[in-house]
>>> print(open('model_18.cif').read())   # mmCIF, C-alpha atoms
data_input
#
loop_
_atom_site.label_atom_id
_atom_site.label_comp_id
_atom_site.auth_asym_id
_atom_site.auth_seq_id
_atom_site.Cartn_x
_atom_site.Cartn_y
_atom_site.Cartn_z
CA MET H 1 46.70 42.61 139.38
CA PRO H 2 48.62 39.42 139.34
CA ALA H 3 47.19 36.36 140.99
CA GLY H 4 48.24 35.58 144.48
CA ILE H 5 49.37 39.07 145.47
CA SER H 6 47.44 41.32 147.73
CA GLU H 7 46.58 44.77 146.68
CA SER H 8 48.83 46.34 149.27
CA ASP H 9 51.74 44.10 148.19
CA PHE H 10 50.96 45.06 144.65
CA LYS H 11 51.06 48.73 145.52
CA VAL H 12 54.30 48.32 147.44
CA GLN H 13 55.90 46.37 144.62
CA SER H 14 54.56 48.87 142.07
CA GLU H 15 55.94 51.73 144.12
CA ARG H 16 59.27 49.96 144.41
CA ILE H 17 59.35 49.26 140.66
CA LEU H 18 58.38 52.88 139.92
CA ARG H 19 61.14 54.08 142.24
CA GLN H 20 63.55 51.76 140.48
CA ILE H 21 62.34 53.08 137.10
CA ARG H 22 62.72 56.66 138.37
CA ALA H 23 66.15 55.82 139.75
CA VAL H 24 67.16 54.34 136.38
CA LYS H 25 65.76 57.44 134.63
CA VAL H 26 67.64 59.72 137.04
CA GLU H 27 70.82 57.69 136.50
CA GLY H 28 70.24 57.90 132.74
CA LEU H 29 69.66 61.64 132.98
CA GLN H 30 72.75 62.02 135.20
CA ALA H 31 74.75 60.01 132.64
CA ASP H 32 73.35 62.23 129.88
CA LEU H 33 74.25 65.28 131.96
CA GLU H 34 77.78 63.96 132.54
CA ARG H 35 78.13 63.19 128.84
CA GLU H 36 76.95 66.72 127.98
CA LYS H 37 79.50 68.11 130.43
CA TRP H 38 82.25 66.15 128.63
CA VAL H 39 80.97 67.28 125.23
CA THR H 40 80.87 70.85 126.50
CA LYS H 41 84.43 70.57 127.88
CA ARG H 42 85.61 69.07 124.60
CA LYS H 43 83.91 71.84 122.65
CA GLN H 44 85.36 74.44 125.03
CA LYS H 45 88.83 72.97 124.47
CA SER H 46 88.20 73.06 120.72
CA VAL H 47 87.21 76.72 121.05
CA GLU H 48 90.34 77.44 123.10
CA VAL H 49 92.48 75.69 120.47
CA ALA H 50 90.75 77.66 117.72
CA GLN H 51 91.28 80.89 119.64
CA GLU H 52 94.99 80.09 120.04
CA GLN H 53 95.24 79.29 116.33
CA TYR H 54 93.45 82.55 115.57
CA ARG H 55 95.87 84.46 117.83
CA GLN H 56 98.82 82.77 116.10
CA GLU H 57 97.37 83.67 112.70
CA GLU H 58 96.97 87.28 113.84
CA ILE H 59 100.63 87.29 114.90
CA LYS H 60 101.65 85.83 111.51
CA LEU H 61 99.51 88.46 109.78
CA SER H 62 101.10 91.21 111.86
CA ILE H 63 104.58 89.90 110.98
CA GLU H 64 103.65 89.82 107.29
CA GLN H 65 102.28 93.36 107.53
CA VAL H 66 105.56 94.51 109.06
CA ARG H 67 107.47 92.73 106.29
CA THR H 68 105.21 94.29 103.68
CA ASP H 69 105.68 97.75 105.23
CA THR H 70 109.45 97.18 105.32
CA LEU H 71 109.48 96.11 101.67
CA ARG H 72 107.29 99.08 100.72
CA ASN H 73 109.62 101.44 102.58
CA ASN H 74 112.66 99.82 100.96
CA LEU H 75 111.02 100.24 97.56
CA LYS H 76 110.29 103.91 98.26
CA ARG H 77 113.86 104.44 99.50
CA THR H 78 115.21 102.72 96.38
CA GLU H 79 113.01 104.90 94.17
CA VAL H 80 114.24 108.02 95.96
CA GLU H 81 117.87 106.85 95.65
CA ARG H 82 117.28 106.15 91.94
CA SER H 83 115.79 109.62 91.49
CA ILE H 84 118.75 111.15 93.31
CA SER H 85 121.12 109.14 91.11
CA GLU H 86 119.28 110.30 87.99
CA VAL H 87 119.55 113.91 89.16
CA GLU H 88 123.26 113.41 89.91
CA ILE H 89 123.77 111.82 86.49
CA THR H 90 121.92 114.67 84.81
CA GLY H 91 124.00 117.18 86.78
CA THR H 92 127.20 115.38 85.83
CA GLN H 93 126.12 115.26 82.19
CA ASP H 94 125.35 118.98 82.31
CA ARG H 95 128.74 119.72 83.90
CA LEU H 96 130.44 117.51 81.31
CA SER H 97 128.59 119.30 78.52
CA PHE H 98 129.51 122.66 80.01
CA GLU H 99 133.15 121.64 80.41
CA THR H 100 133.21 120.27 76.86
CA GLN H 101 131.77 123.52 75.56
CA SER H 102 134.24 125.44 77.68
CA VAL H 103 137.15 123.39 76.30
CA GLU H 104 135.86 123.88 72.76
CA LEU H 105 135.46 127.63 73.33
CA ASN H 106 138.95 127.83 74.84
CA ARG H 107 140.28 125.83 71.89
CA ASP H 108 138.53 128.20 69.46
CA ILE H 109 139.85 131.24 71.34
CA PHE H 110 143.36 129.74 71.33
CA ARG H 111 143.06 128.93 67.62
CA GLN H 112 141.90 132.49 66.91
CA ARG H 113 144.80 133.88 68.93
CA LEU H 114 147.21 131.62 67.07
CA GLU H 115 145.71 132.67 63.76
CA SER H 116 145.89 136.32 64.74
CA MET H 117 149.49 135.84 65.95
CA ASN H 118 150.29 134.05 62.71
CA LEU H 119 148.66 136.86 60.76
CA THR H 120 150.54 139.41 62.85
CA LEU H 121 153.77 137.47 62.31
CA GLY H 122 153.02 137.28 58.60
CA GLU H 123 152.31 140.98 58.50
CA ALA H 124 155.47 141.68 60.43
CA THR H 125 157.46 139.45 58.09
CA PHE H 126 155.87 141.15 55.10
CA HIS H 127 156.62 144.59 56.50
CA ASN H 128 160.12 143.48 57.45
CA ASP H 129 160.74 142.17 53.93
CA ASP H 130 159.31 145.39 52.57
CA ARG H 131 161.68 147.42 54.75
CA ARG H 132 164.63 145.30 53.72
CA SER H 133 163.80 146.04 50.14
CA GLU H 134 163.61 149.72 50.96
CA PHE H 135 166.94 149.61 52.80
CA ARG H 136 168.59 147.76 49.89
CA GLU H 137 167.37 150.37 47.52
CA LYS H 138 168.72 153.08 49.81
CA GLU H 139 171.91 151.13 50.19
CA ILE H 140 172.35 151.02 46.48
CA ARG H 141 171.46 154.70 46.06
CA VAL H 142 173.48 155.96 48.94
CA GLY H 143 176.31 153.53 48.47
CA LEU H 144 176.39 151.86 51.85
CA PRO H 145 178.57 148.77 52.05
CA ARG H 146 176.88 145.47 51.17
CA SER H 147 177.94 143.95 54.46
CA PHE H 148 175.30 146.00 56.26
CA SER H 149 172.98 143.64 58.06
CA PHE H 150 169.59 143.99 59.67
CA PRO H 151 169.09 142.97 63.25
CA GLY H 152 168.67 139.19 63.44
CA VAL H 153 170.10 138.60 59.94
CA SER H 154 173.78 137.71 59.52
CA ALA H 155 176.06 139.65 57.17
CA ALA H 156 176.54 136.64 54.93
CA ASN H 157 172.80 136.36 54.34
CA ALA H 158 172.60 140.05 53.58
CA ASN H 159 175.21 139.72 50.86
CA LEU H 160 173.33 136.82 49.26
CA ASN H 161 170.22 138.89 48.84
#
>>> encode(input="model_18.cif", output="structure tokens")
Amino acid sequence: MPAGISESDFKVQSERILRQIRAVKVEGLQADLEREKWVTKRKQKSVEVAQEQYRQEEIKLSIEQVRTDTLRNNLKRTEVERSISEVEITGTQDRLSFETQSVELNRDIFRQRLESMNLTLGEATFHNDDRRSEFREKEIRVGLPRSFSFPGVSAANANLN
């Protein structure tokens, strides 16, 4: 106890000092509590910002997934179109081959007909020449006039033979 102070004054002053100390502690604790509230609010805002960024990233991811799906579908459609084109090309090539073979067969048939017509014409000419010879011999034997002509041959040509 300090000198010159009564015990009751000392107790009163001690009580007052303890109350002041408690009041300072309470104020310190209230300041700490207020600071923790601000830290909590700041952290909550940081969480809200992070959640918004996360939501935006999910939207970006969803957009990219849609783009990827669109590209995948476009690729599949292009592959199908390419397959269809290949089938059409193969069909066209087959038709072209068939038509070429058909033209070649028709050409061969036409050539054979021409050859057979030429052969027939040659045979007819041969037989016609043979008959002319026979008629000339008869003409000479029978004594027909030399101006006798065969159908399609003029009288002048008949006399030259």
>>> atom_distance(input="model_18.cif", atom1="CA of Ile17 in chain H", atom2="CA of Ile5 in chain H")
15.1 Å
>>> atom_distance(input="model_18.cif", atom1="CA of Lys76 in chain H", atom2="CA of Ile59 in chain H")
25.4 Å
>>> atom_distance(input="model_18.cif", atom1="CA of His127 in chain H", atom2="CA of Asp108 in chain H")
27.6 Å
